[in-house]
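Presented below is the structure to which this report refers.
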There are 2 protein chains.
Amino acid sequence: MVHSGPDSSPPYYDPPMVTIADVARAAGVSPSTVSYVLSGKRSISETTRRRVHHSIRVLGYQPNAGARALASSRTNVVALVVPLRSDLNVPVVMEFVTATATAARTYDHDVLLLTADEGAAGLHRVVASSLADAIIVMDVEAAEPRVPVLRELGTPAVLIGVPDDPHGLTCVDLDFTAAGSDCVHHLADLGHRDIALIGPSPAVYRRGTSYAGRFLSGFRRTAATRGVEAATMACVPTYDGLRECLDDLLAGHRPATGLVVHNEAILGPLLSELARRQLSVPEDVSVLAVCPPDVAQAQAVPLSSVDIPAVELGRLAVELAMRLLDGPAEPEVRLLPPRLTARGSTGPVVA
Amino acid sequence: MVHSGPDSSPPYYDPPMVTIADVARAAGVSPSTVSYVLSGKRSISETTRRRVHHSIRVLGYQPNAGARALASSRTNVVALVVPLRSDLNVPVVMEFVTATATAARTYDHDVLLLTADEGAAGLHRVVASSLADAIIVMDVEAAEPRVPVLRELGTPAVLIGVPDDPHGLTCVDLDFTAAGSDCVHHLADLGHRDIALIGPSPAVYRRGTSYAGRFLSGFRRTAATRGVEAATMACVPTYDGLRECLDDLLAGHRPATGLVVHNEAILGPLLSELARRQLSVPEDVSVLAVCPPDVAQAQAVPLSSVDIPAVELGRLAVELAMRLLDGPAEPEVRLLPPRLTARGSTGPVVA
DNA sequence: TTGAAAGCGCTACCAA
DNA sequence: TTGGTAGCGCTTTCAA
C-alpha cells in the first residue's frame, strides 16, 4: 500500500488567501468600503463598519502587504541599520534593536534589518526598491559617510548619534557631552583631584564614532573648568587591555582616585583587577560607569552610573520617524539629558 | 525678502521612480524581456541581455519590492523572531541576528525582525499578510507553543533549537547533549571525580528552554557513565547569584574541582570570585565554559570552552530556509557537533 | 454614505 | 528568442 493520509501531504501548500474582495462579498459591501473601514479615510455608517469588521474577523482577513504597498506607496516598514562591530557595546545595541522593533509595532509598522556592511548602497537599495518608508541608522560616525546619501535620498531618516554636520537630518542620542561633564562634576564634588577616563576601544575613537568623541570633550572641558587632573585612555576591551590602562592610570606619583568608565565590556574585568590589586571600591578608588542601569546593577559592586537609555532612544527614534512620515517636519537634534545614579561605587576621597 | 533657494524646498520629495517599463523603453525591448533578464527564467540573447543590463545601470533601476511580491507571491524576505529575554545570552543572540541578516543577503533576501512577544499571533500576521516567505525562530522551548502554529501555517520555517516534538519541522542547533557529554569527558579524563554544572538562570530551565535541558541531560548521563560526582545548579546571572552557587559547590566535604559553566553572563564574576577566594585556575579548580570563542578568549584567564557557533548556525538556518523555499524538502534536525577548545583553564586535579 | 473602476509595477502565461 | 497582456490585491479617485 502506498503511503497516504495526512503524513503524505506535501510539506507546504498555499493556505487559502483571503482577499479584500472576499471580505466585501461576505459583508455585502464593495471592496472600497472595506478599504475605507480599515483606513478610516472616510466616514462609514456604524452598521456597515460593524458588518465589515465582523467579516474580517470571521474570515481572518489580513491585508496583503505587497498589494497595499504597491497601491499606496507606503510599506509600513522602517529599516533599521545595525552595526556589525564587535567592539561596540553589544547589549546596548541589542536593547536598542528590540526597543525599536517593539515601538514600531505600536505604530503598526515592522522593522527590516539592515547590516552596516551594506553601507550607503544598502540605503539606496532599500529606498529604491520601496522596501521601507523610513530609515533608522545606528552607530553614527562624526564624518558619517551615509549622511550625504541620506540627504539626497530624501527619505525620512533618523540617526542614532550626531554626525559633525547634522544639517537637515533628524538625530537622537544621549547628550554625551553633558554626560562627560556630569561625571567630572560628580567626582570633583566628592573631592577627587585626579581622575581618569577609561574610554572605548581605540578603534572606536579612530573611526570618529560620534558618542565617544562627545563624551571625551565634555569630560575634558569640565575637568579643566573644575581644575582637576584628568587622564584619558582608550581601552581595548580585553583583560590585558584593561590591565595596561590601570598600570598607567594608577601608577605614577599622582594616581587617579576616580575612574570614569565609558566601556561596558571591561567593567567586570576592571572590578576583578582592582580587587586583585587590593584596591577597594569606593574607599581606594571610585568607579563611575556609563552603561545601561541593569549592567551597572549586575556587577560585583553595584556601580554608580550614567544610564544609557537604549530603550527610550529606540522608542524616540521610531516616534520621530513616524512624525517625518506624517509630513514635513523640522529636522531636529534631540539629545536626552543624562541621568547619573549613585550606587555606592563612588565616594569621597580618603586622605 | 522671503526665504527661497534650496533651503526652502520641502524636506522630502518623491525621487523619480524608475520602472521596468522605463528600462524596457531605454533598451528597446519589452517589459517582459527585462523581467526575464533579471530572473533568468528564460534564455536571452547575449546582445539583448547586455542592452538591458546597461539600461538598468544607467537608469539606476531597482525592482519595486511590493509589485514584485504581488505578482510573484514571493517577498524575498525572511522573518526572524528574536527573543526579548534579558536572561539570555545577549552577545550570542546578537551574533546570530547579524549572521542571519548577512547570510540572507547572499541569497538576495532581507530580514524582517519580529520580537518574540508577538508570539504565535506574530507568525500568523506575517504569513497572512505575505510579509515574508519563510520564518526563522530563535529561543525555542521544549514545549514550544509556536510549533503547532508553524506546522499549520505550512510556511517554510527553521527553528534554532529543538522542541520536544520536532516532527515535520526543520531545526538547527548545536548538539548540546553531546556538548554536555564532552564537557564531562574532558574533566573526567583530567582526573576530576567531583564536578559541577553552573547552568543558566532558573527561569531558563523553568520555561523549558530547549538547549538548557539537553545540555543538562548530556552532562548528567555522562557523569553517571564515568562515575563522577556531578552537582548541577541553575544560576541567576548576577554576582550574588553566582556567589550562592559557589558557596554550595565549593563547600562540603567533597568540593567540586571542575566547573562547567553554561552561563555566559557569569563567567567574569566567576573568575573574580574565585580569585577573591584565593582559588587559582586551573590549579585549584578547572573551569570549562560553553560560549562563543571570543568571549572565552576575553576573560581574565582564557577559558577552555565548547564553542557556541552562532555565526554558523545563522548561516545554516538561512541556508535551510532557502532550501525549503526551493521546493519540498525533507524536514530535518541538524545538530552541529560540539568543538571543545582547551585554553588553559582546565587541568589535571592536583592531589 | 457608498460603489465602480483605474491603476500601482511586476511576473508569467500565451503567442509568435 | 521575444512581445503582448492579464492579472496579483489593494487604494483612491470620480460618480452617484
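Each chain in the C-alpha cells gets a letter, A, B, ..., in the order shown, and its residues are numbered from 1; ligands are numbered from 1 in order too.
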Exercise for review: Write out as a PyMOL selection string every residue belonging to chain D that has an atom at most 6 Å from any atom of chain A, counting only C-alpha atoms (C1' of nucleotides).
Suggested key: chain D and resi 9-11
For range 206-221 of chain B: contacts at 6 Å, only C-alpha atoms (C1' of nucleotides), fewer than 5 positions along chain excluded, given as a PDB file with C-alpha atoms, in the first residue's frame:
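New file result.pdb:
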```pdb
ATOM      1  CA  VAL B 140      12.850  27.560  21.150  1.00  0.00           C
ATOM      2  CA  GLU B 141      11.339  25.909  24.177  1.00  0.00           C
ATOM      3  CA  ALA B 142      10.809  22.212  24.785  1.00  0.00           C
ATOM      4  CA  GLY B 161      16.736  24.839  18.926  1.00  0.00           C
ATOM      5  CA  VAL B 162      14.835  21.607  19.087  1.00  0.00           C
ATOM      6  CA  PHE B 176      24.012  20.409  23.322  1.00  0.00           C
ATOM      7  CA  THR B 177      23.566  16.872  24.558  1.00  0.00           C
ATOM      8  CA  GLY B 180      27.296  18.353  27.936  1.00  0.00           C
ATOM      9  CA  SER B 181      28.749  14.933  27.499  1.00  0.00           C
TER      10      SER B 181
END
```
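Nearest to chain A of all the residues B:Arg254, B:Lys41, B:His262, B:Arg74 is B:Arg74, counting only C-alpha atoms.
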Check your understanding: Which neighbours of DA4 in chain C fall inside 12 Å, counting only C-alpha atoms (C1' of nucleotides), when residues of the same chain fewer than 3 positions from it are skipped, and could you give them as a VMD selection string?
Key -> (chain A and resid 30 to 33) or (chain D and resid 12 to 16)
Review point. Residues at most 10 Å from DA15 in chain C, counting only C-alpha atoms (C1' of nucleotides), excluding those fewer than 2 positions away in the same chain, as a list in words?
Key: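 Near DA15 in chain C, the qualifying residues are DC13 of chain C; DG3 and DG4 of chain D.
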Practice item. Give me the residues within 8 Å of Gly344 in chain A as a ChimeraX atom specification, counting only C-alpha atoms (C1' of nucleotides) and dropping any in the same chain fewer than 5 places off. Key: /A:282,301-304
Residue hits in chain A, query chain B, radius 7 Å, only C-alpha atoms, as a PDB file with C-alpha atoms, in the first residue's frame:
```pdb
ATOM      1  CA  PRO A  10       3.266  17.962   0.732  1.00  0.00           C
ATOM      2  CA  PRO A  11       5.077  19.834   3.478  1.00  0.00           C
ATOM      3  CA  TYR A  12       3.967  23.237   2.262  1.00  0.00           C
ATOM      4  CA  TYR A  13       0.793  24.124   0.494  1.00  0.00           C
ATOM      5  CA  GLN A  62      -5.073  40.259   6.693  1.00  0.00           C
ATOM      6  CA  PRO A  63      -4.322  42.839   4.009  1.00  0.00           C
ATOM      7  CA  ASN A  64      -1.636  41.746   1.605  1.00  0.00           C
ATOM      8  CA  ALA A  65       1.405  43.843   2.364  1.00  0.00           C
ATOM      9  CA  GLY A  66       2.733  43.884  -1.172  1.00  0.00           C
ATOM     10  CA  ALA A  67      -0.541  44.925  -2.730  1.00  0.00           C
ATOM     11  CA  ALA A  69       2.464  48.936  -0.648  1.00  0.00           C
ATOM     12  CA  LEU A  70       2.025  48.949  -4.386  1.00  0.00           C
ATOM     13  CA  LEU A  84      28.294  44.649  12.945  1.00  0.00           C
ATOM     14  CA  VAL A  90      26.554  44.536  22.294  1.00  0.00           C
ATOM     15  CA  PRO A  91      23.869  44.572  24.986  1.00  0.00           C
ATOM     16  CA  MET A  94      20.501  44.661  21.258  1.00  0.00           C
ATOM     17  CA  THR A  98      14.338  45.261  20.336  1.00  0.00           C
ATOM     18  CA  ALA A 101      11.009  46.742  16.851  1.00  0.00           C
ATOM     19  CA  VAL A 111      11.289  46.543  11.073  1.00  0.00           C
ATOM     20  CA  LEU A 112      13.561  45.475   8.272  1.00  0.00           C
ATOM     21  CA  LEU A 113      17.044  44.688   9.419  1.00  0.00           C
ATOM     22  CA  THR A 115      23.581  45.463   8.469  1.00  0.00           C
ATOM     23  CA  ALA A 128      14.806  52.461  -4.447  1.00  0.00           C
ATOM     24  CA  SER A 129      13.015  49.152  -4.145  1.00  0.00           C
ATOM     25  CA  SER A 130      10.457  50.611  -1.768  1.00  0.00           C
ATOM     26  CA  LEU A 131      11.178  48.122   0.951  1.00  0.00           C
ATOM     27  CA  GLY A 154      15.223  62.429   0.718  1.00  0.00           C
ATOM     28  CA  THR A 155      13.769  59.531   2.670  1.00  0.00           C
ATOM     29  CA  THR A 238      40.132  42.669  26.867  1.00  0.00           C
ATOM     30  CA  TYR A 239      41.547  41.808  30.207  1.00  0.00           C
ATOM     31  CA  GLY A 268      33.732  43.227  35.046  1.00  0.00           C
ATOM     32  CA  PRO A 269      37.450  42.841  34.419  1.00  0.00           C
ATOM     33  CA  SER A 272      38.297  41.969  39.314  1.00  0.00           C
ATOM     34  CA  ALA A 298      24.770  43.317  37.971  1.00  0.00           C
ATOM     35  CA  GLN A 299      28.409  43.991  38.835  1.00  0.00           C
ATOM     36  CA  ALA A 300      30.264  42.676  41.854  1.00  0.00           C
ATOM     37  CA  PRO A 328       7.295  67.638   6.533  1.00  0.00           C
TER      38      PRO A 328
END
```
Practice item. At a cut-off of 6 Å, list the chain C residues touching chain B, using only C-alpha atoms (C1' of nucleotides), as number ranges by chain. Key: C: 9-11
Review point. DSSP on the backbone: what in range 99-167 of chain B comes out helix (DSSP H, G or I), as a list in words?
Key: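 The helix (DSSP H, G or I) subset of range 99-167 of chain B is Ala99, Thr100, Ala101, Thr102, Ala103, Ala104, Arg105, Thr106, Ala116, Asp117, Glu118, Gly119, Ala120, Ala121, Gly122, Leu123, His124, Arg125, Val126, Val127, Ala128, Arg146, Val147, Pro148, Val149, Leu150, Arg151, Glu152 and Leu153 of chain B.
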